[in-house]
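Asker: This is the structure, below, for whatever I ask next.
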Amino acid sequence: MFKKFKSRKVGVCLENGHEHRNRRPRFPMTPAEVVRHFGDRLTHSDVKEMSSYRELWYLGKEIDSSNHHATSSNDNMQVSNNHLAYRYELLKRLGEGSYGKVYKCLDHKTNEMVAVKIIKKFKSYRQEVEIMDYLRKKDRNGSYNIVFMKNYFFFREHLCIVYDLLGPSLNQLKKYRRFSSANLQHIGKDILKCLCLLEKEKIIHGDLKPGNIVLGKNGIKVIDFGGSSFEKKKKFPGAITYTYSSPEVILKNPCSTATDMWSLGCILAELHIGQYIFSGADNAEQIALIMEVLGKPPADFFKDKNTWNYFYDDKGQWRDFYDVNNKLIKPGSKNLQKILGTDDLQFLDFIQRCLSWNPEKRLTPSEAMKHPWLQSKS
């Protein structure tokens with residue numbers, strides 16, 4: 001099922017009338033075979049670590065154990081010999097964040113290029129593996145546009161998750177191009193396929209943004225479920241980027257899959273106008289900028305005391321909100337259609353119905369797929 005690397009002949013000579021072939025060791029090798037071939041260059045720590053593997057596929061460019069092991073307190077994992085788990089060869093860093101780093105790697109067992117996410121605090125991100133394992137069973141043929149988790153393992157006290165290697169993100173593409181209405185419709189449909197499955201399974205992605213939507217071989221894929229959560233949790237603990245945060249996330253209120261629909265509305269609006277639709281410097285300004293466009297929250301938005309107190313003072317008077325320059329924000333003083341600069345009323349309606357204060361009144365993914373804007377031809 002898997003392709004193996006075949007060793008090459010690196011020299012041939014005759015000794016005592018017989019052909020003697022000098023070959024590189026064939027992989028995979030057992031730990032005992034590695035010790036037999038390279039024992040003079042291995043430390044006790046090397047041998048001990050290798051002994052926990054049944055087969056070794058890659059040892060690195062050189063066997064050098066000078067900084068062999070990382071500790072759990074070391075955020076920047078030192079991967080000696082450019083390998084992970086004696087199988088994956090690290091080639092290039094693709095990105096990093098609060099979770100750790102992502103590398104482009106060569107899987108020496110399958111001869112495939114993959115992306116490996118190395119997480120420094122695996123207890124915090126254990127749910128990512130649980131959710132991805134759950135979703136890959138629900139999306140066996142990849143029709144829901146979710147990045148495929150190929151494997152995961154622990155290596156030197158770090159969680160490593162192996163994904164398909166994909167292309168550039170929408171965040172990268174938007175720097176070089178503008179998106180037509182037809183492009184936006186295609187992107188919207190592809191993202192909604194993912195959100196339809198998440199809606200059905202009651203899973204919140206939690207960090208939907210252009211940087212987490214990438215091009216695959218057959219269209220768009222949604223990646224990075226590190227902040228995902230099952231909807232049954234009363235409060236959403238994810239690390240969503242506040243530029244795409246729904247009001248309930250900002251206010252730390254109970255969340256549902258509707259929060260991803262808010263993010264989708266922000267994404268499509270951004271791709272259309274070429275800039276953030278709400279670009280607050282912090283959560284407080286973000287709420288103020290949302291009000292500037294959508295007006296004050298309706299009465300049905302205030303379902304608990306904390307939400308009420310955020311907008312009203314002890315006397316029941318509306319609080320004033322300011323931007324980072326201390327300029328008073330007037331609710332409803334900006335027009336969404338003018339911001340979008342569009343005459344397409346179906347597109348405007350789609351965005352408006354994603355950006356509703358009340359999550360229960362937003363389009364659901366299944367409703368959005370049937371919206372006239374996505375059914376029309378541009």
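Identifiers in this document derive from the order of the structure tokens: chains are assigned A, B, ..., residues are numbered from 1 separately in each chain, and ligands are numbered from 1 in order of occurrence.
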Could you find all residues in stretch 149-188 of chain A that DSSP calls alpha helix (DSSP H) from the backbone, and write them as a ChimeraX atom specification?

Answerer: /A:170-173,181-188

Asker: Deliver the residues from the most recent selection as a file, using C-alpha atoms, as an mmCIF file, in the first residue's frame.

Answerer:
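Generated file (out_27.cif):
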```
data_model
loop_
_atom_site.group_PDB
_atom_site.id
_atom_site.type_symbol
_atom_site.label_atom_id
_atom_site.label_comp_id
_atom_site.auth_asym_id
_atom_site.auth_seq_id
_atom_site.Cartn_x
_atom_site.Cartn_y
_atom_site.Cartn_z
ATOM 1 C CA LEU A 170 -7.315 33.439 0.797
ATOM 2 C CA ASN A 171 -5.364 35.795 3.027
ATOM 3 C CA GLN A 172 -2.382 35.432 0.702
ATOM 4 C CA LEU A 173 -4.430 35.570 -2.495
ATOM 5 C CA SER A 181 -18.960 38.143 -7.691
ATOM 6 C CA ALA A 182 -18.635 34.717 -9.319
ATOM 7 C CA ASN A 183 -15.450 34.088 -7.308
ATOM 8 C CA LEU A 184 -17.232 35.053 -4.090
ATOM 9 C CA GLN A 185 -20.156 32.774 -4.867
ATOM 10 C CA HIS A 186 -17.808 29.854 -5.468
ATOM 11 C CA ILE A 187 -15.867 30.581 -2.273
ATOM 12 C CA GLY A 188 -19.068 30.990 -0.277
#
```

Asker: Please report, as a PyMOL selection string, each residue of stretch 194-349 of chain A to which DSSP assigns strand (DSSP E or B) when run on this structure's backbone.

Answerer: chain A and resi 203-204+213-216+219-222+229-230+312+318+321-322+328-329

Asker: Return the single residue from A:Asn111, A:Thr259, A:Ser180, A:Asn335 that is closest to A:Asp207, with distances computed using only C-alpha atoms.

Answerer: A:Thr259

Asker: What's around stretch 210-219 of chain A at 7 Å? Count only C-alpha atoms, leave out sequence neighbours fewer than 5 positions away in its own chain, and write the answer as an NGL selection string.

Answerer: :A and (166-171 or 224 or 267)

Asker: Please provide the set of residues having any atom within 10 Å of A:Gly274, restricted to only C-alpha atoms, with same-chain residues fewer than 5 positions apart removed, written as a list in words.

Answerer: Lys174, Lys175, Arg177, Arg178, Phe179, Leu268, Ala269 and Leu340 of chain A

Asker: Could you take the residues named above and write them with C-alpha atoms, as a PDB file, in the first residue's frame?

Answerer:
```pdb
ATOM      1  CA  LYS A 174      -6.319  38.735  -1.557  1.00  0.00           C
ATOM      2  CA  LYS A 175      -3.030  40.667  -1.568  1.00  0.00           C
ATOM      3  CA  ARG A 177      -6.152  40.059  -6.699  1.00  0.00           C
ATOM      4  CA  ARG A 178      -9.704  41.271  -6.388  1.00  0.00           C
ATOM      5  CA  PHE A 179     -12.504  38.751  -6.273  1.00  0.00           C
ATOM      6  CA  LEU A 268     -17.035  37.592   2.010  1.00  0.00           C
ATOM      7  CA  ALA A 269     -17.441  41.309   2.702  1.00  0.00           C
ATOM      8  CA  LEU A 340     -19.837  47.196   0.351  1.00  0.00           C
TER       9      LEU A 340
END
```

Asker: Find the residues near A:Val249: any atom within 12 Å, counting only C-alpha atoms, skip ones fewer than 2 places away on the same chain, and give them as a compact mmCIF listing (two decimals) with C-alpha atoms, in the first residue's frame.

Answerer:
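See part-v3.txt below for the written result:
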```txt
# COMPACT_ATOMS: atom_id res chain seq x y z
CA ILE A 204 -18.16 25.31 16.02
CA GLY A 206 -14.30 28.98 16.02
CA ASP A 207 -11.59 30.68 13.98
CA LYS A 234 -22.06 26.46 27.40
CA LYS A 235 -19.34 28.95 26.64
CA PHE A 236 -16.96 28.99 23.74
CA PRO A 237 -13.29 28.92 24.81
CA GLY A 238 -11.79 29.27 21.33
CA ALA A 239 -9.15 31.73 20.20
CA ILE A 240 -11.12 33.35 17.38
CA THR A 241 -9.53 36.40 15.75
CA TYR A 242 -11.64 39.33 16.93
CA THR A 243 -11.78 40.88 13.45
CA TYR A 244 -14.11 38.00 12.56
CA SER A 245 -15.63 37.57 16.03
CA SER A 246 -19.36 37.51 16.47
CA PRO A 247 -20.84 39.69 19.23
CA LEU A 251 -19.09 39.27 25.06
CA LYS A 252 -18.22 35.71 26.15
CA ASN A 253 -21.80 34.58 25.87
CA PRO A 254 -22.95 31.06 24.96
CA CYS A 255 -22.12 30.26 21.34
CA SER A 256 -23.48 28.07 18.58
CA THR A 257 -22.58 27.24 15.01
CA ALA A 258 -24.12 30.62 14.14
CA THR A 259 -20.86 32.27 15.17
CA ASP A 260 -19.19 30.76 12.08
CA TRP A 262 -20.99 35.72 11.26
CA SER A 263 -17.35 35.04 10.37
CA ASN A 283 -12.83 43.75 21.40
CA ALA A 284 -14.38 46.92 22.85
CA GLN A 286 -14.90 45.95 17.60
CA ILE A 287 -18.32 46.08 19.27
CA THR A 307 -24.81 41.60 28.17
CA TRP A 357 -26.85 40.70 16.26
CA PRO A 359 -27.39 34.49 16.31
```

Asker: Tell me, as a PDB file with C-alpha atoms, in the first residue's frame, which residues lie within 12 Å of A:Asp320, counting only C-alpha atoms; anything in the same chain fewer than 4 positions away does not count.

Answerer:
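What landed in part.pdb:
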```
ATOM      1  CA  ALA A 284     -14.385  46.924  22.851  1.00  0.00           C
ATOM      2  CA  GLU A 285     -13.746  48.909  19.678  1.00  0.00           C
ATOM      3  CA  ILE A 287     -18.316  46.078  19.274  1.00  0.00           C
ATOM      4  CA  ALA A 288     -18.423  49.840  18.708  1.00  0.00           C
ATOM      5  CA  MET A 291     -22.840  49.141  16.162  1.00  0.00           C
ATOM      6  CA  GLU A 292     -21.713  51.907  13.819  1.00  0.00           C
ATOM      7  CA  LYS A 296     -27.890  49.243  18.568  1.00  0.00           C
ATOM      8  CA  TYR A 310     -22.063  45.982  28.749  1.00  0.00           C
ATOM      9  CA  PHE A 311     -24.336  48.403  26.885  1.00  0.00           C
ATOM     10  CA  TYR A 312     -26.267  50.144  29.698  1.00  0.00           C
ATOM     11  CA  ASP A 313     -25.132  51.790  32.927  1.00  0.00           C
ATOM     12  CA  ASN A 326     -11.428  58.564  21.439  1.00  0.00           C
ATOM     13  CA  LYS A 327     -13.954  59.490  18.766  1.00  0.00           C
ATOM     14  CA  LEU A 328     -17.570  58.870  19.706  1.00  0.00           C
ATOM     15  CA  ILE A 329     -19.125  56.053  17.698  1.00  0.00           C
ATOM     16  CA  LYS A 330     -22.710  56.741  16.675  1.00  0.00           C
ATOM     17  CA  PRO A 331     -24.778  53.556  16.277  1.00  0.00           C
TER      18      PRO A 331
END
```

Asker: Using only C-alpha atoms, can you tell me which of A:Met261, A:Leu159, A:Cys105, A:Met29 comes closest to A:Ile191?

Answerer: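 The closest residue to A:Ile191 is A:Met261.
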
Asker: Could you list, as a PyMOL selection string, every residue within 9 Å of A:His371, counting only C-alpha atoms and ignoring same-chain residues fewer than 6 positions away?

Answerer: chain A and resi 346+350+363

Asker: A:Ser45, A:Asn358, A:Gln317, A:Thr342: which is nearest A:Phe302, counting only C-alpha atoms?

Answerer: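 Closest to A:Phe302, using only C-alpha atoms: A:Asn358.
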
Asker: Between A:Asp133, A:Asp190, A:Glu201, A:Asp300, single out the one closest to A:Leu264, counting only C-alpha atoms.

Answerer: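 Smallest separation from A:Leu264 among the options: A:Asp190.
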